[in-house]
file structure.cif (mmCIF, C-alpha atoms and all ligand atoms; chains and numbers go by the auth columns)
data_data
loop_
_atom_site.group_PDB
_atom_site.id
_atom_site.type_symbol
_atom_site.label_atom_id
_atom_site.label_comp_id
_atom_site.label_asym_id
_atom_site.label_seq_id
_atom_site.Cartn_x
_atom_site.Cartn_y
_atom_site.Cartn_z
_atom_site.B_iso_or_equiv
_atom_site.auth_seq_id
_atom_site.auth_asym_id
ATOM 1 C CA MET A 1 0.000 0.000 0.000 0.00 1 A
ATOM 2 C CA ASN A 2 1.353 3.379 -0.930 0.00 2 A
ATOM 3 C CA LYS A 3 0.917 5.616 2.096 0.00 3 A
ATOM 4 C CA ILE A 4 3.415 8.218 1.008 0.00 4 A
ATOM 5 C CA ASN A 5 1.831 11.658 0.771 0.00 5 A
ATOM 6 C CA THR A 6 4.889 13.887 1.118 0.00 6 A
ATOM 7 C CA ILE A 7 8.057 13.940 -0.964 0.00 7 A
ATOM 8 C CA ALA A 8 11.035 15.951 0.234 0.00 8 A
ATOM 9 C CA PHE A 9 14.009 16.679 -1.991 0.00 9 A
ATOM 10 C CA ASP A 10 17.571 17.539 -1.155 0.00 10 A
ATOM 11 C CA ALA A 11 18.904 20.233 -3.507 0.00 11 A
ATOM 12 C CA ASP A 12 22.703 20.190 -4.000 0.00 12 A
ATOM 13 C CA ASP A 13 23.737 17.248 -6.207 0.00 13 A
ATOM 14 C CA THR A 14 20.141 15.995 -6.175 0.00 14 A
ATOM 15 C CA LEU A 15 18.391 18.700 -8.226 0.00 15 A
ATOM 16 C CA TRP A 16 21.499 20.465 -9.541 0.00 16 A
ATOM 17 C CA HIS A 17 25.279 20.060 -9.788 0.00 17 A
ATOM 18 C CA THR A 18 27.242 21.382 -6.816 0.00 18 A
ATOM 19 C CA GLU A 19 30.062 19.188 -5.540 0.00 19 A
ATOM 20 C CA GLN A 20 31.885 19.149 -8.880 0.00 20 A
ATOM 21 C CA LEU A 21 32.367 22.931 -8.564 0.00 21 A
ATOM 22 C CA PHE A 22 33.951 22.481 -5.130 0.00 22 A
ATOM 23 C CA GLN A 23 36.181 19.656 -6.385 0.00 23 A
ATOM 24 C CA ASN A 24 37.379 21.741 -9.347 0.00 24 A
ATOM 25 C CA VAL A 25 38.369 24.566 -7.014 0.00 25 A
ATOM 26 C CA GLN A 26 40.130 22.147 -4.671 0.00 26 A
ATOM 27 C CA MET A 27 42.203 20.856 -7.598 0.00 27 A
ATOM 28 C CA ARG A 28 43.417 24.407 -8.198 0.00 28 A
ATOM 29 C CA LEU A 29 44.308 24.743 -4.495 0.00 29 A
ATOM 30 C CA TYR A 30 46.452 21.598 -4.772 0.00 30 A
ATOM 31 C CA GLU A 31 48.230 23.106 -7.786 0.00 31 A
ATOM 32 C CA LEU A 32 48.838 26.394 -5.965 0.00 32 A
ATOM 33 C CA MET A 33 50.267 24.527 -2.987 0.00 33 A
ATOM 34 C CA SER A 34 52.370 22.102 -5.031 0.00 34 A
ATOM 35 C CA ALA A 35 55.501 24.143 -4.270 0.00 35 A
ATOM 36 C CA TYR A 36 55.082 23.283 -0.582 0.00 36 A
ATOM 37 C CA ALA A 37 53.540 19.831 -0.338 0.00 37 A
ATOM 38 C CA SER A 38 52.230 16.888 -2.352 0.00 38 A
ATOM 39 C CA LYS A 39 48.633 16.777 -3.530 0.00 39 A
ATOM 40 C CA ARG A 40 47.892 14.048 -1.018 0.00 40 A
ATOM 41 C CA GLU A 41 49.288 16.107 1.883 0.00 41 A
ATOM 42 C CA VAL A 42 47.436 19.257 0.864 0.00 42 A
ATOM 43 C CA GLU A 43 44.209 17.306 0.440 0.00 43 A
ATOM 44 C CA ALA A 44 44.514 15.664 3.869 0.00 44 A
ATOM 45 C CA HIS A 45 45.356 18.974 5.527 0.00 45 A
ATOM 46 C CA PHE A 46 42.465 20.746 3.838 0.00 46 A
ATOM 47 C CA HIS A 47 39.952 18.014 4.690 0.00 47 A
ATOM 48 C CA ASP A 48 40.953 18.115 8.369 0.00 48 A
ATOM 49 C CA MET A 49 40.675 21.886 8.319 0.00 49 A
ATOM 50 C CA GLU A 50 37.189 21.760 6.787 0.00 50 A
ATOM 51 C CA MET A 51 35.992 19.213 9.355 0.00 51 A
ATOM 52 C CA LYS A 52 37.320 21.369 12.190 0.00 52 A
ATOM 53 C CA ASN A 53 35.877 24.568 10.771 0.00 53 A
ATOM 54 C CA VAL A 54 32.454 23.259 9.792 0.00 54 A
ATOM 55 C CA ARG A 55 31.487 23.405 13.476 0.00 55 A
ATOM 56 C CA LEU A 56 32.254 27.131 13.469 0.00 56 A
ATOM 57 C CA PHE A 57 31.337 28.197 9.939 0.00 57 A
ATOM 58 C CA GLY A 58 28.715 25.623 8.943 0.00 58 A
ATOM 59 C CA TYR A 59 28.571 24.125 5.449 0.00 59 A
ATOM 60 C CA GLY A 60 28.878 26.290 2.372 0.00 60 A
ATOM 61 C CA VAL A 61 31.182 28.308 0.172 0.00 61 A
ATOM 62 C CA LYS A 62 32.243 30.913 2.738 0.00 62 A
ATOM 63 C CA GLY A 63 33.499 28.355 5.232 0.00 63 A
ATOM 64 C CA PHE A 64 35.079 26.364 2.402 0.00 64 A
ATOM 65 C CA THR A 65 36.970 29.452 1.197 0.00 65 A
ATOM 66 C CA LEU A 66 38.185 30.382 4.678 0.00 66 A
ATOM 67 C CA SER A 67 39.374 26.802 5.178 0.00 67 A
ATOM 68 C CA MET A 68 41.323 26.957 1.901 0.00 68 A
ATOM 69 C CA ILE A 69 42.986 30.193 3.005 0.00 69 A
ATOM 70 C CA GLU A 70 43.841 28.836 6.451 0.00 70 A
ATOM 71 C CA SER A 71 45.246 25.654 4.895 0.00 71 A
ATOM 72 C CA ALA A 72 47.323 27.593 2.370 0.00 72 A
ATOM 73 C CA ILE A 73 48.822 29.712 5.147 0.00 73 A
ATOM 74 C CA GLU A 74 49.670 26.695 7.299 0.00 74 A
ATOM 75 C CA ILE A 75 50.952 24.486 4.482 0.00 75 A
ATOM 76 C CA SER A 76 53.224 27.268 3.206 0.00 76 A
ATOM 77 C CA ASN A 77 54.431 27.939 6.728 0.00 77 A
ATOM 78 C CA ARG A 78 52.897 31.441 6.490 0.00 78 A
ATOM 79 C CA THR A 79 54.789 32.347 3.325 0.00 79 A
ATOM 80 C CA VAL A 80 51.963 32.034 0.764 0.00 80 A
ATOM 81 C CA SER A 81 51.727 35.191 -1.351 0.00 81 A
ATOM 82 C CA ALA A 82 48.895 37.694 -1.296 0.00 82 A
ATOM 83 C CA THR A 83 48.482 36.910 -5.010 0.00 83 A
ATOM 84 C CA ASP A 84 47.750 33.270 -4.205 0.00 84 A
ATOM 85 C CA ILE A 85 45.406 34.189 -1.330 0.00 85 A
ATOM 86 C CA HIS A 86 43.593 36.517 -3.695 0.00 86 A
ATOM 87 C CA GLU A 87 43.211 33.733 -6.240 0.00 87 A
ATOM 88 C CA ILE A 88 41.780 31.450 -3.532 0.00 88 A
ATOM 89 C CA VAL A 89 39.206 34.093 -2.564 0.00 89 A
ATOM 90 C CA MET A 90 38.265 34.548 -6.233 0.00 90 A
ATOM 91 C CA LEU A 91 37.942 30.773 -6.653 0.00 91 A
ATOM 92 C CA GLY A 92 35.485 30.711 -3.751 0.00 92 A
ATOM 93 C CA LYS A 93 33.515 33.580 -5.232 0.00 93 A
ATOM 94 C CA SER A 94 33.449 31.844 -8.611 0.00 94 A
ATOM 95 C CA ILE A 95 31.423 29.021 -7.016 0.00 95 A
ATOM 96 C CA LEU A 96 28.850 31.526 -5.730 0.00 96 A
ATOM 97 C CA ASP A 97 28.644 33.115 -9.178 0.00 97 A
ATOM 98 C CA SER A 98 28.383 29.880 -11.151 0.00 98 A
ATOM 99 C CA PRO A 99 25.282 29.378 -13.238 0.00 99 A
ATOM 100 C CA LEU A 100 22.949 26.786 -11.786 0.00 100 A
ATOM 101 C CA ASP A 101 23.140 23.530 -13.711 0.00 101 A
ATOM 102 C CA ILE A 102 19.886 21.647 -13.053 0.00 102 A
ATOM 103 C CA PHE A 103 19.789 17.916 -13.814 0.00 103 A
ATOM 104 C CA PRO A 104 17.701 16.766 -16.764 0.00 104 A
ATOM 105 C CA GLY A 105 14.258 15.537 -15.786 0.00 105 A
ATOM 106 C CA VAL A 106 13.997 17.519 -12.544 0.00 106 A
ATOM 107 C CA GLU A 107 11.313 19.941 -13.598 0.00 107 A
ATOM 108 C CA SER A 108 9.130 17.328 -15.289 0.00 108 A
ATOM 109 C CA ALA A 109 9.438 15.048 -12.227 0.00 109 A
ATOM 110 C CA LEU A 110 8.260 17.889 -9.973 0.00 110 A
ATOM 111 C CA GLN A 111 5.485 18.787 -12.388 0.00 111 A
ATOM 112 C CA ASN A 112 4.211 15.210 -12.367 0.00 112 A
ATOM 113 C CA LEU A 113 4.361 14.884 -8.591 0.00 113 A
ATOM 114 C CA GLN A 114 2.851 18.218 -7.615 0.00 114 A
ATOM 115 C CA PRO A 115 -0.838 17.298 -8.042 0.00 115 A
ATOM 116 C CA ASP A 116 -0.594 14.190 -5.863 0.00 116 A
ATOM 117 C CA PHE A 117 1.961 14.975 -3.166 0.00 117 A
ATOM 118 C CA ARG A 118 3.051 17.674 -0.739 0.00 118 A
ATOM 119 C CA LEU A 119 6.509 18.624 -2.016 0.00 119 A
ATOM 120 C CA PHE A 120 9.288 20.076 0.133 0.00 120 A
ATOM 121 C CA LEU A 121 12.866 21.063 -0.533 0.00 121 A
ATOM 122 C CA ILE A 122 15.208 20.550 2.417 0.00 122 A
ATOM 123 C CA THR A 123 18.788 21.682 1.911 0.00 123 A
ATOM 124 C CA LYS A 124 21.635 22.484 4.245 0.00 124 A
ATOM 125 C CA GLY A 125 24.346 25.100 4.070 0.00 125 A
ATOM 126 C CA ASP A 126 24.832 28.825 3.895 0.00 126 A
ATOM 127 C CA VAL A 127 21.381 30.448 3.939 0.00 127 A
ATOM 128 C CA LEU A 128 22.132 33.241 1.438 0.00 128 A
ATOM 129 C CA ASP A 129 23.869 30.924 -1.035 0.00 129 A
ATOM 130 C CA GLN A 130 21.126 28.298 -0.789 0.00 130 A
ATOM 131 C CA ARG A 131 18.362 30.911 -1.147 0.00 131 A
ATOM 132 C CA ASN A 132 20.115 32.379 -4.211 0.00 132 A
ATOM 133 C CA LYS A 133 20.311 28.943 -5.823 0.00 133 A
ATOM 134 C CA ILE A 134 16.660 28.188 -5.073 0.00 134 A
ATOM 135 C CA GLU A 135 15.714 31.487 -6.661 0.00 135 A
ATOM 136 C CA LYS A 136 17.926 30.907 -9.724 0.00 136 A
ATOM 137 C CA SER A 137 16.389 27.451 -10.181 0.00 137 A
ATOM 138 C CA ASN A 138 12.856 28.801 -10.772 0.00 138 A
ATOM 139 C CA LEU A 139 11.647 25.581 -9.121 0.00 139 A
ATOM 140 C CA GLU A 140 10.271 27.211 -5.977 0.00 140 A
ATOM 141 C CA PRO A 141 6.614 27.224 -7.133 0.00 141 A
ATOM 142 C CA TYR A 142 6.598 23.415 -7.146 0.00 142 A
ATOM 143 C CA PHE A 143 7.296 23.252 -3.422 0.00 143 A
ATOM 144 C CA GLU A 144 4.967 23.867 -0.518 0.00 144 A
ATOM 145 C CA LYS A 145 8.063 25.083 1.333 0.00 145 A
ATOM 146 C CA THR A 146 11.798 25.350 0.717 0.00 146 A
ATOM 147 C CA ILE A 147 13.790 24.957 3.918 0.00 147 A
ATOM 148 C CA VAL A 148 17.479 25.663 4.629 0.00 148 A
ATOM 149 C CA VAL A 149 18.936 23.968 7.714 0.00 149 A
ATOM 150 C CA GLN A 150 22.419 24.002 9.245 0.00 150 A
ATOM 151 C CA GLU A 151 22.720 20.244 9.620 0.00 151 A
ATOM 152 C CA LYS A 152 20.591 17.333 8.430 0.00 152 A
ATOM 153 C CA ASN A 153 20.151 14.867 11.259 0.00 153 A
ATOM 154 C CA VAL A 154 17.286 13.094 13.019 0.00 154 A
ATOM 155 C CA GLU A 155 16.581 16.143 15.179 0.00 155 A
ATOM 156 C CA THR A 156 16.355 18.625 12.291 0.00 156 A
ATOM 157 C CA TYR A 157 14.104 16.347 10.244 0.00 157 A
ATOM 158 C CA ARG A 158 11.889 15.722 13.283 0.00 158 A
ATOM 159 C CA GLN A 159 11.594 19.475 13.790 0.00 159 A
ATOM 160 C CA VAL A 160 10.777 20.163 10.115 0.00 160 A
ATOM 161 C CA PHE A 161 8.185 17.360 9.990 0.00 161 A
ATOM 162 C CA ASP A 162 6.568 18.507 13.272 0.00 162 A
ATOM 163 C CA GLU A 163 6.442 22.104 12.145 0.00 163 A
ATOM 164 C CA HIS A 164 4.615 21.231 8.924 0.00 164 A
ATOM 165 C CA GLY A 165 2.311 18.553 10.270 0.00 165 A
ATOM 166 C CA ILE A 166 4.081 15.813 8.308 0.00 166 A
ATOM 167 C CA GLU A 167 3.766 12.248 9.543 0.00 167 A
ATOM 168 C CA PRO A 168 7.327 10.818 9.192 0.00 168 A
ATOM 169 C CA THR A 169 6.095 7.400 8.032 0.00 169 A
ATOM 170 C CA GLN A 170 4.358 9.088 5.080 0.00 170 A
ATOM 171 C CA VAL A 171 7.502 10.882 3.870 0.00 171 A
ATOM 172 C CA LEU A 172 9.768 9.928 1.016 0.00 172 A
ATOM 173 C CA MET A 173 13.077 11.814 1.145 0.00 173 A
ATOM 174 C CA VAL A 174 15.142 12.000 -2.033 0.00 174 A
ATOM 175 C CA GLY A 175 18.836 12.839 -1.998 0.00 175 A
ATOM 176 C CA ASN A 176 22.407 12.066 -2.968 0.00 176 A
ATOM 177 C CA SER A 177 23.775 11.697 0.568 0.00 177 A
ATOM 178 C CA LEU A 178 23.229 8.514 2.567 0.00 178 A
ATOM 179 C CA LYS A 179 24.406 10.319 5.689 0.00 179 A
ATOM 180 C CA SER A 180 22.261 13.448 5.375 0.00 180 A
ATOM 181 C CA ASP A 181 19.275 12.492 3.227 0.00 181 A
ATOM 182 C CA VAL A 182 18.697 8.794 3.807 0.00 182 A
ATOM 183 C CA LEU A 183 19.724 7.525 7.258 0.00 183 A
ATOM 184 C CA PRO A 184 18.038 10.187 9.456 0.00 184 A
ATOM 185 C CA VAL A 185 14.723 9.859 7.588 0.00 185 A
ATOM 186 C CA LEU A 186 14.772 6.047 7.771 0.00 186 A
ATOM 187 C CA ALA A 187 15.499 6.395 11.508 0.00 187 A
ATOM 188 C CA LEU A 188 12.285 8.398 11.884 0.00 188 A
ATOM 189 C CA GLY A 189 10.273 5.701 10.098 0.00 189 A
ATOM 190 C CA GLY A 190 10.170 7.427 6.707 0.00 190 A
ATOM 191 C CA HIS A 191 11.107 6.223 3.232 0.00 191 A
ATOM 192 C CA ALA A 192 14.243 7.332 1.384 0.00 192 A
ATOM 193 C CA VAL A 193 15.554 7.272 -2.163 0.00 193 A
ATOM 194 C CA HIS A 194 19.260 7.505 -2.814 0.00 194 A
ATOM 195 C CA ILE A 195 20.320 9.022 -6.147 0.00 195 A
ATOM 196 C CA PRO A 196 24.126 9.056 -6.051 0.00 196 A
ATOM 197 C CA TYR A 197 26.136 11.885 -7.593 0.00 197 A
ATOM 198 C CA HIS A 198 29.414 10.998 -9.283 0.00 198 A
ATOM 199 C CA VAL A 199 31.454 12.716 -6.561 0.00 199 A
ATOM 200 C CA THR A 200 30.757 12.874 -2.828 0.00 200 A
ATOM 201 C CA ALA A 201 32.107 15.488 -0.417 0.00 201 A
ATOM 202 C CA HIS A 202 34.511 13.844 2.045 0.00 202 A
ATOM 203 C CA PHE A 203 32.361 14.957 4.994 0.00 203 A
ATOM 204 C CA GLU A 204 29.317 13.158 3.544 0.00 204 A
ATOM 205 C CA LYS A 205 31.065 9.811 3.091 0.00 205 A
ATOM 206 C CA ILE A 206 30.037 6.898 5.288 0.00 206 A
ATOM 207 C CA GLU A 207 31.328 3.337 5.455 0.00 207 A
ATOM 208 C CA GLU A 208 28.060 1.540 6.068 0.00 208 A
ATOM 209 C CA THR A 209 25.776 0.132 3.419 0.00 209 A
ATOM 210 C CA VAL A 210 22.073 0.681 3.859 0.00 210 A
ATOM 211 C CA ASP A 211 19.720 -2.271 3.900 0.00 211 A
ATOM 212 C CA HIS A 212 16.185 -1.308 4.789 0.00 212 A
ATOM 213 C CA ASN A 213 12.731 -2.131 3.441 0.00 213 A
ATOM 214 C CA LYS A 214 11.915 1.569 2.968 0.00 214 A
ATOM 215 C CA PHE A 215 15.162 2.340 1.161 0.00 215 A
ATOM 216 C CA TYR A 216 15.317 2.642 -2.629 0.00 216 A
ATOM 217 C CA HIS A 217 18.029 3.411 -5.125 0.00 217 A
ATOM 218 C CA LEU A 218 17.763 5.306 -8.398 0.00 218 A
ATOM 219 C CA ASP A 219 20.395 6.159 -10.992 0.00 219 A
ATOM 220 C CA ALA A 220 18.691 9.385 -12.040 0.00 220 A
ATOM 221 C CA ILE A 221 15.793 11.572 -10.997 0.00 221 A
ATOM 222 C CA SER A 222 14.241 10.996 -14.431 0.00 222 A
ATOM 223 C CA ASP A 223 13.489 7.395 -13.282 0.00 223 A
ATOM 224 C CA PHE A 224 11.365 8.691 -10.402 0.00 224 A
ATOM 225 C CA ALA A 225 7.943 8.034 -11.902 0.00 225 A
ATOM 226 C CA GLY A 226 8.792 4.366 -12.418 0.00 226 A
ATOM 227 C CA LEU A 227 9.876 3.994 -8.816 0.00 227 A
ATOM 228 C CA LEU A 228 6.672 5.546 -7.492 0.00 228 A
ATOM 229 C CA ARG A 229 4.541 3.190 -9.556 0.00 229 A
ATOM 230 C CA SER A 230 6.402 0.237 -8.058 0.00 230 A
ATOM 231 C CA LEU A 231 5.904 1.268 -4.410 0.00 231 A
HETATM 232 MG MG MG B . 23.051 16.927 -1.624 0.00 1 B
#
call {"tool": "encode", "arguments": {"input": "structure.cif", "output": "structure tokens", "more": "lines below"}}
Ligand SMILES: [Mg+2]
result
Amino acid sequence: MNKINTIAFDADDTLWHTEQLFQNVQMRLYELMSAYASKREVEAHFHDMEMKNVRLFGYGVKGFTLSMIESAIEISNRTVSATDIHEIVMLGKSILDSPLDIFPGVESALQNLQPDFRLFLITKGDVLDQRNKIEKSNLEPYFEKTIVVQEKNVETYRQVFDEHGIEPTQVLMVGNSLKSDVLPVLALGGHAVHIPYHVTAHFEKIEETVDHNKFYHLDAISDFAGLLRSL
């Protein structure tokens, strides 16, 4: 029996490309730092820095840029040039300025679902950046509500569901992150669809595999209608 009446979508790397932009910028950081350390060392240093700083800055481009700067200063033993720091800042800003690249099939999937389901968008990160992307997407009218949170865990989902009178067992959450989009919603008794993106941010990676009777896997959002028919 299909009891699902609410479908919630993640945004970054679920509705549009995001992580590839961050990875491209990181590659340039490794090049800039190649005079001081190997790619592997710079990468490890930067990842540790991001993990440490995410507690202070949250997720998003601003924290990412500050972490690149802090890493560059430490890796170069405080000798990195102002020219290189300036390039790092510009690289960060280039992510904020990038055109939004929406995945094929997103709009038609939302169009098809809207008459039959309550649709929500739940994304995490920097509020201004996320709001700008939602606006650029022109997808807002499909959603009952678009919500930006700082972290996606059981508590935040519980709060969002409570606030909007959503029964967790009637929710289907769709996203590219097992850690942020799938596991917390399954823990609350909801359903979850994983649509992997070809790259995953290091802080979203988990070791475990998910085996659950309310867990589904799709290769692309364009296959969504088929999945719903099979539920
Ligand atoms: Mg995502």
call {"tool": "closest_atom_pairs", "arguments": {"input": "structure.cif", "of": "chain A", "to": "ligand MG 1 (chain B)", "cutoff": "12 Å", "atoms": "only C-alpha atoms and all ligand atoms", "output": "tab-separated table"}}
result
residue	atom	partner	partner_atom	distance
A:Phe9	CA	B:MG1	MG	9.1
A:Asp10	CA	B:MG1	MG	5.5
A:Ala11	CA	B:MG1	MG	5.6
A:Asp12	CA	B:MG1	MG	4.1
A:Asp13	CA	B:MG1	MG	4.6
A:Thr14	CA	B:MG1	MG	5.5
A:Leu15	CA	B:MG1	MG	8.3
A:Trp16	CA	B:MG1	MG	8.8
A:His17	CA	B:MG1	MG	9.0
A:Thr18	CA	B:MG1	MG	8.0
A:Glu19	CA	B:MG1	MG	8.3
A:Gln20	CA	B:MG1	MG	11.6
A:Tyr59	CA	B:MG1	MG	11.5
A:Gly60	CA	B:MG1	MG	11.7
A:Leu121	CA	B:MG1	MG	11.0
A:Ile122	CA	B:MG1	MG	9.5
A:Thr123	CA	B:MG1	MG	7.3
A:Lys124	CA	B:MG1	MG	8.2
A:Gly125	CA	B:MG1	MG	10.0
A:Gln130	CA	B:MG1	MG	11.6
A:Glu151	CA	B:MG1	MG	11.7
A:Lys152	CA	B:MG1	MG	10.4
A:Met173	CA	B:MG1	MG	11.5
A:Val174	CA	B:MG1	MG	9.3
A:Gly175	CA	B:MG1	MG	5.9
A:Asn176	CA	B:MG1	MG	5.1
A:Ser177	CA	B:MG1	MG	5.7
A:Leu178	CA	B:MG1	MG	9.4
A:Lys179	CA	B:MG1	MG	9.9
A:Ser180	CA	B:MG1	MG	7.9
A:Asp181	CA	B:MG1	MG	7.6
A:Val182	CA	B:MG1	MG	10.7
A:His194	CA	B:MG1	MG	10.2
A:Ile195	CA	B:MG1	MG	9.5
A:Pro196	CA	B:MG1	MG	9.1
A:Tyr197	CA	B:MG1	MG	8.4
A:His198	CA	B:MG1	MG	11.6
A:Val199	CA	B:MG1	MG	10.6
A:Thr200	CA	B:MG1	MG	8.8
A:Ala201	CA	B:MG1	MG	9.2
A:Phe203	CA	B:MG1	MG	11.6
A:Glu204	CA	B:MG1	MG	9.0
A:Lys205	CA	B:MG1	MG	11.7
call {"tool": "closest_residue", "arguments": {"input": "structure.cif", "among": "A:Phe22, A:Arg158, A:Glu74, A:Asn153", "to": "A:Lys93", "atoms": "all atoms listed in the file"}}
result
A:Phe22
call {"tool": "resolve_selection", "arguments": {"input": "structure.cif", "expression": "the PyMOL selection byres (((chain A and resi 86) around 12) and not hetatm)", "output": "list in words"}}
result
Leu29, Leu32, Thr65, Leu66, Met68, Ile69, Ala72, Val80, Ser81, Ala82, Thr83, Asp84, Ile85, Glu87, Ile88, Val89, Met90, Leu91, Gly92 and Lys93 of chain A
call {"tool": "write_last_selection", "arguments": {"input": "structure.cif", "atoms": "C-alpha atoms", "output": "PDB file, keeping the file's coordinate frame"}}
result
ATOM      1  CA  LEU A  29      44.308  24.743  -4.495  1.00  0.00           C
ATOM      2  CA  LEU A  32      48.838  26.394  -5.965  1.00  0.00           C
ATOM      3  CA  THR A  65      36.970  29.452   1.197  1.00  0.00           C
ATOM      4  CA  LEU A  66      38.185  30.382   4.678  1.00  0.00           C
ATOM      5  CA  MET A  68      41.323  26.957   1.901  1.00  0.00           C
ATOM      6  CA  ILE A  69      42.986  30.193   3.005  1.00  0.00           C
ATOM      7  CA  ALA A  72      47.323  27.593   2.370  1.00  0.00           C
ATOM      8  CA  VAL A  80      51.963  32.034   0.764  1.00  0.00           C
ATOM      9  CA  SER A  81      51.727  35.191  -1.351  1.00  0.00           C
ATOM     10  CA  ALA A  82      48.895  37.694  -1.296  1.00  0.00           C
ATOM     11  CA  THR A  83      48.482  36.910  -5.010  1.00  0.00           C
ATOM     12  CA  ASP A  84      47.750  33.270  -4.205  1.00  0.00           C
ATOM     13  CA  ILE A  85      45.406  34.189  -1.330  1.00  0.00           C
ATOM     14  CA  GLU A  87      43.211  33.733  -6.240  1.00  0.00           C
ATOM     15  CA  ILE A  88      41.780  31.450  -3.532  1.00  0.00           C
ATOM     16  CA  VAL A  89      39.206  34.093  -2.564  1.00  0.00           C
ATOM     17  CA  MET A  90      38.265  34.548  -6.233  1.00  0.00           C
ATOM     18  CA  LEU A  91      37.942  30.773  -6.653  1.00  0.00           C
ATOM     19  CA  GLY A  92      35.485  30.711  -3.751  1.00  0.00           C
ATOM     20  CA  LYS A  93      33.515  33.580  -5.232  1.00  0.00           C
TER      21      LYS A  93
END
call {"tool": "closest_residue", "arguments": {"input": "structure.cif", "among": "A:Tyr216, A:Ser98, A:Phe117, A:Ser222", "to": "A:Gln170", "atoms": "all atoms listed in the file"}}
result
A:Phe117
call {"tool": "closest_residue", "arguments": {"input": "structure.cif", "among": "A:Leu186, A:Glu41, A:Gln114, A:Glu70", "to": "A:Asp211", "atoms": "all atoms listed in the file"}}
result
A:Leu186
call {"tool": "residues_around", "arguments": {"input": "structure.cif", "residues": "A:Asp223", "least_positions_apart": "6", "cutoff": "12 Å", "atoms": "all atoms listed in the file", "output": "ChimeraX atom specification"}}
result
/A:104-106,108-109,193-195,216-217,229-230
call {"tool": "atom_distance", "arguments": {"input": "structure.cif", "atom1": "atom CA of A:His191", "atom2": "atom CA of A:Leu21"}}
result
29.5 Å
call {"tool": "resolve_selection", "arguments": {"input": "structure.cif", "expression": "the PyMOL selection byres (((chain A and resi 3) around 12) and not hetatm)", "output": "PDB file with C-alpha atoms, in the frame of the given file"}}
result
ATOM      1  CA  MET A   1       0.000   0.000   0.000  1.00  0.00           C
ATOM      2  CA  ASN A   2       1.353   3.379  -0.930  1.00  0.00           C
ATOM      3  CA  ILE A   4       3.415   8.218   1.008  1.00  0.00           C
ATOM      4  CA  ASN A   5       1.831  11.658   0.771  1.00  0.00           C
ATOM      5  CA  THR A   6       4.889  13.887   1.118  1.00  0.00           C
ATOM      6  CA  ILE A   7       8.057  13.940  -0.964  1.00  0.00           C
ATOM      7  CA  ASP A 116      -0.594  14.190  -5.863  1.00  0.00           C
ATOM      8  CA  PHE A 117       1.961  14.975  -3.166  1.00  0.00           C
ATOM      9  CA  GLU A 167       3.766  12.248   9.543  1.00  0.00           C
ATOM     10  CA  PRO A 168       7.327  10.818   9.192  1.00  0.00           C
ATOM     11  CA  THR A 169       6.095   7.400   8.032  1.00  0.00           C
ATOM     12  CA  GLN A 170       4.358   9.088   5.080  1.00  0.00           C
ATOM     13  CA  VAL A 171       7.502  10.882   3.870  1.00  0.00           C
ATOM     14  CA  LEU A 172       9.768   9.928   1.016  1.00  0.00           C
ATOM     15  CA  GLY A 190      10.170   7.427   6.707  1.00  0.00           C
ATOM     16  CA  HIS A 191      11.107   6.223   3.232  1.00  0.00           C
ATOM     17  CA  LYS A 214      11.915   1.569   2.968  1.00  0.00           C
ATOM     18  CA  LEU A 228       6.672   5.546  -7.492  1.00  0.00           C
ATOM     19  CA  LEU A 231       5.904   1.268  -4.410  1.00  0.00           C
TER      20      LEU A 231
END
call {"tool": "atom_distance", "arguments": {"input": "structure.cif", "atom1": "atom CA of A:Asp97", "atom2": "atom CA of A:Ala44"}}
result
27.0 Å
call {"tool": "closest_residue", "arguments": {"input": "structure.cif", "among": "A:Lys136, A:Gly165, A:Phe103, A:Met49", "to": "A:Ala220", "atoms": "only C-alpha atoms"}}
result
A:Phe103
